[in-house]
Structure formats: C-alpha cells, structure tokens
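For reference, the structure is listed below as structure tokens.
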Amino acid sequence: MKITRKYGESISPEMIGLFFEDINFAADGGLYAEMIENRSFEAKEGFGTPGKFYAVDDYGYAWKPAYKEGEQPPRLQYVTGTPLSMENPHYLRLTTNASGQGFANQAYDGIYLEKSKKYNVSFYARCVAFEGEAFAVEIKKDGKVYAGGAVQAVKPMPYAPFTDLTVEFPLTEGPFAGGEFGIAGGSGQTSDNY
C-alpha cells in the first residue's frame with residue numbers, strides 16, 4: 001500500500017456502506033492477530049444455503065490430542081462447569097495417560113516464527129488432578145521443537161481457581177512456517193485449560 005497526497009477518482013456522495021469478505025483467513029488469522037485457531041473453544045460449523053441454514057457446535061475444531069505412537073491417547077473434553085467467563089463458557093479438560101501428552105493446534109496454515117524475536121504464550125489453567133510441577137509449552141514442526149518453555153502448575157487441587165499463566169521464549173532458529181502449538185503435562189494428570 002502506498003499513501004500519497006494525490007487524489008484518485010472522485011466518489012459519489014450517494015455511495016455508502018461497508019463490505020468486508022473474509023477470504024483465506026483475512027480476518028481470523030489475519031487482521032485478527034491471534035495465531036491460535038478457535039482459541040476459546042466456541043467454534044460452530046455451518047451447513048446449508050441462505051434461507052435453509054443451520055449450525056452445529058464444534059468446540060474441538062482445530063484442536064487435537066498430542067501423544068506418541070503406541071500410547072493410549074489423552075482425553076480431550078470440552079466442558080462448561082464453573083467457567084472463567086460466562087461469555088466464553090467452554091474450556092478444554094485434558095486427562096493424560098503418559099508423560100508428555102497434551103493437546104495441539106495447527107493454527108490456520110501453521111504458526112510462523114522469526115529468529116531473534118520473543119514470543120509470549122498466555123493461557124488460563126487450573127489443576128484438577130495434577131501430579132507434576134509444570135506445563136510444557138512448545139512450538140514444533142516435524143517433531144522438532146523450535147521454541148518452548150514451561151510454566152508452573154497452580155495448586156491446590158481439586159479445582160484451584162483458573163490462573164493466568166504466561167511463558168515467554170525467543171526463537172533461536174528460523175524463520176520457519178507450518179509450526180504446531182502444543183501444551184503438555186505429566187502422566188495421569190487432569191487440567192482445565194482456556
């Protein structure tokens with residue numbers, strides 16, 4: 001875009017209105033600056049045509065369990081009991097079966113990171129049954145961790161209040177595109193995550 005003092009074509013004063021077409025993530029993942037897709041677990045899937053349309057809740061859209069081959073996958077539930085916010089009542093309850101299991105988000109067309117920049121990840125979590133001391137937060141691609149850190153688990157349990165957790169990490173390699181965001185815990189842990 002080039003901004004100059006030169007005037008272009010005249011516009012009729014009778015022309016009013018606004019049009020914005022969300023094509024290829026121009027709003028979500030574009031103008032809207034979040035990298036994580038369906039970050040509040042409130043997605044809906046639409047079906048039909050104008051006049052004959054309906055929507056179905058799809059809270060888990062863009063999220064998937066993260067685990068190693070051969071392991072029993074962790075359980076991901078999308079629940080609403082005692083939420084942090086009534087405006088966004090859904091959150092993800094993660095129950096792991098092995099250390100290092102968690103959940104992941106591919107984020108639109110994958111997360112893009114640049115070398116020598118710092119990245120902040122902030123989320124709310126509470127421990128329901130949590131034996132470990134921390135949550136691991138990672139950005140991976142093809143099994144390789146490009147950025148990551150850990151945040152301390154908040155106790156007492158069960159049902160400690162939701163706590164805002166933040167981890168900051170620099171990217172030491174890159175740039176790279178197509179990364180996947182993930183949060184993991186230890187074996188036999190249950191946590192609620194916003």
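Each chain in the structure tokens gets a letter, A, B and so on, in the order shown; residues start at 1 in every chain, and ligands are counted from 1 in the order they appear.
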- Task: Give me the residues within 7 Å of A:Val167 as a PyMOL selection string, counting only C-alpha atoms and dropping any in the same chain fewer than 3 places off.
- Result: chain A and resi 120-122+149-151
If you count only C-alpha atoms, which residues fall within 12 Å of A:Ser85, apart from same-chain ones fewer than 6 positions away, as a short mmCIF file (atom, residue, chain, number, x, y, z; two decimals) with all heavy atoms, in the first residue's frame?
```
data_model
loop_
_atom_site.label_atom_id
_atom_site.label_comp_id
_atom_site.auth_asym_id
_atom_site.auth_seq_id
_atom_site.Cartn_x
_atom_site.Cartn_y
_atom_site.Cartn_z
N SER A 40 -10.98 -20.07 21.90
CA SER A 40 -11.92 -20.07 23.01
C SER A 40 -12.87 -21.26 23.00
O SER A 40 -13.82 -21.30 23.75
CB SER A 40 -12.72 -18.76 23.04
OG SER A 40 -13.49 -18.66 21.86
N TYR A 91 -14.27 -24.67 27.89
CA TYR A 91 -12.83 -24.84 28.06
C TYR A 91 -12.48 -26.29 27.83
O TYR A 91 -13.35 -27.17 27.78
CB TYR A 91 -12.34 -24.34 29.42
CG TYR A 91 -13.06 -24.93 30.61
CD1 TYR A 91 -12.59 -26.09 31.23
CD2 TYR A 91 -14.20 -24.32 31.12
CE1 TYR A 91 -13.24 -26.62 32.32
CE2 TYR A 91 -14.85 -24.85 32.21
CZ TYR A 91 -14.38 -26.00 32.82
OH TYR A 91 -15.03 -26.53 33.89
N TYR A 124 -5.11 -19.59 30.50
CA TYR A 124 -5.61 -19.84 31.84
C TYR A 124 -5.67 -21.35 32.04
O TYR A 124 -6.05 -22.09 31.14
CB TYR A 124 -7.01 -19.26 32.01
CG TYR A 124 -7.03 -17.76 32.10
CD1 TYR A 124 -7.16 -16.97 30.96
CD2 TYR A 124 -6.93 -17.13 33.33
CE1 TYR A 124 -7.18 -15.59 31.05
CE2 TYR A 124 -6.95 -15.74 33.43
CZ TYR A 124 -7.08 -14.99 32.29
OH TYR A 124 -7.09 -13.62 32.37
N PHE A 162 -8.98 -20.73 38.16
CA PHE A 162 -8.23 -20.53 36.93
C PHE A 162 -7.17 -19.46 37.17
O PHE A 162 -7.45 -18.43 37.79
CB PHE A 162 -9.14 -20.09 35.79
CG PHE A 162 -9.86 -21.22 35.11
CD1 PHE A 162 -11.20 -21.45 35.35
CD2 PHE A 162 -9.19 -22.05 34.23
CE1 PHE A 162 -11.87 -22.48 34.73
CE2 PHE A 162 -9.84 -23.09 33.60
CZ PHE A 162 -11.19 -23.31 33.85
N TYR A 194 -8.01 -22.82 29.31
CA TYR A 194 -8.66 -21.82 28.47
C TYR A 194 -7.66 -21.33 27.47
O TYR A 194 -6.57 -20.96 27.77
CB TYR A 194 -9.09 -20.62 29.32
CG TYR A 194 -10.55 -20.59 29.66
CD1 TYR A 194 -10.98 -20.94 30.94
CD2 TYR A 194 -11.50 -20.20 28.74
CE1 TYR A 194 -12.32 -20.88 31.28
CE2 TYR A 194 -12.84 -20.14 29.07
CZ TYR A 194 -13.25 -20.47 30.34
OH TYR A 194 -14.56 -20.41 30.68
#
```
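Note that the spacing between atom CA of A:Phe41 and atom CA of A:Thr80 amounts to 10.4 Å.
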- Fewer than 2 positions away in the same chain doesn't count, so skip those; otherwise give me all residues within 10 Å of A:Arg39, counting only C-alpha atoms, as a PyMOL selection string. chain A and resi 34-37+41-43+59-63+91+105+107+123+194
Filtering to C-alpha atoms, could you give me those residues as a tab-separated table (two decimals), in the first residue's frame?
```tsv
chain	number	residue	atom	x	y	z
A	34	GLU	CA	-4.18	-14.33	17.33
A	35	MET	CA	-2.13	-17.22	15.97
A	36	ILE	CA	-4.24	-19.95	17.60
A	37	GLU	CA	-7.34	-21.10	15.75
A	41	PHE	CA	-13.41	-23.47	22.06
A	42	GLU	CA	-16.56	-21.77	20.72
A	43	ALA	CA	-16.43	-22.73	17.00
A	59	TYR	CA	-15.89	-26.88	20.19
A	60	GLY	CA	-12.87	-29.04	19.34
A	61	TYR	CA	-12.35	-27.57	15.88
A	62	ALA	CA	-8.59	-27.09	15.16
A	63	TRP	CA	-7.56	-28.96	18.37
A	91	TYR	CA	-12.83	-24.84	28.06
A	105	ASN	CA	-3.32	-26.63	17.46
A	107	ALA	CA	-3.23	-22.68	13.75
A	123	PHE	CA	-3.44	-19.10	28.83
A	194	TYR	CA	-8.66	-21.82	28.47
```
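Distances to A:Ala177 were evaluated for A:Val137, A:Lys115, A:Gln72, A:Phe130 using only C-alpha atoms, and the minimum falls at A:Lys115.
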- Can you list, as a PyMOL selection string, every protein, DNA or RNA residue that comes within 9 Å of A:Val56 when you count only C-alpha atoms, leaving out same-chain residues fewer than 3 positions away? chain A and resi 43-47
How would the residues just picked look written out with C-alpha atoms as a tab-separated table (two decimals), in the first residue's frame?
```
chain	number	residue	atom	x	y	z
A	43	ALA	CA	-16.43	-22.73	17.00
A	44	LYS	CA	-19.53	-23.63	15.06
A	45	GLU	CA	-19.83	-25.40	11.73
A	46	GLY	CA	-22.46	-24.10	9.31
A	47	PHE	CA	-24.49	-26.10	6.81
```
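Considering the residues A:Ala129, A:Ala66, A:Ile3, A:Leu171 and counting only C-alpha atoms, A:Gln106 has its shortest atom-to-atom contact with A:Ala66.
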- Selection near A:Ser187, 8 Å with only C-alpha atoms, sequence-local residues under 4 positions removed, as an MDAnalysis selection string: chainID A and resid 96:101 131
Store the residues of this selection in a file with C-alpha atoms, as a compact mmCIF listing (two decimals), in the first residue's frame.
```txt
# COMPACT_ATOMS: atom_id res chain seq x y z
CA THR A 96 -3.22 -37.60 30.19
CA ASN A 97 -2.18 -41.26 30.22
CA ALA A 98 1.59 -40.80 29.83
CA SER A 99 4.19 -38.12 30.45
CA GLY A 100 4.49 -35.59 27.64
CA GLN A 101 0.91 -35.97 26.42
CA GLU A 131 0.99 -34.75 39.97
```
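Reported to one decimal place, the separation of atom CA of A:Gly148 from atom CA of A:Pro170 is 8.4 Å.
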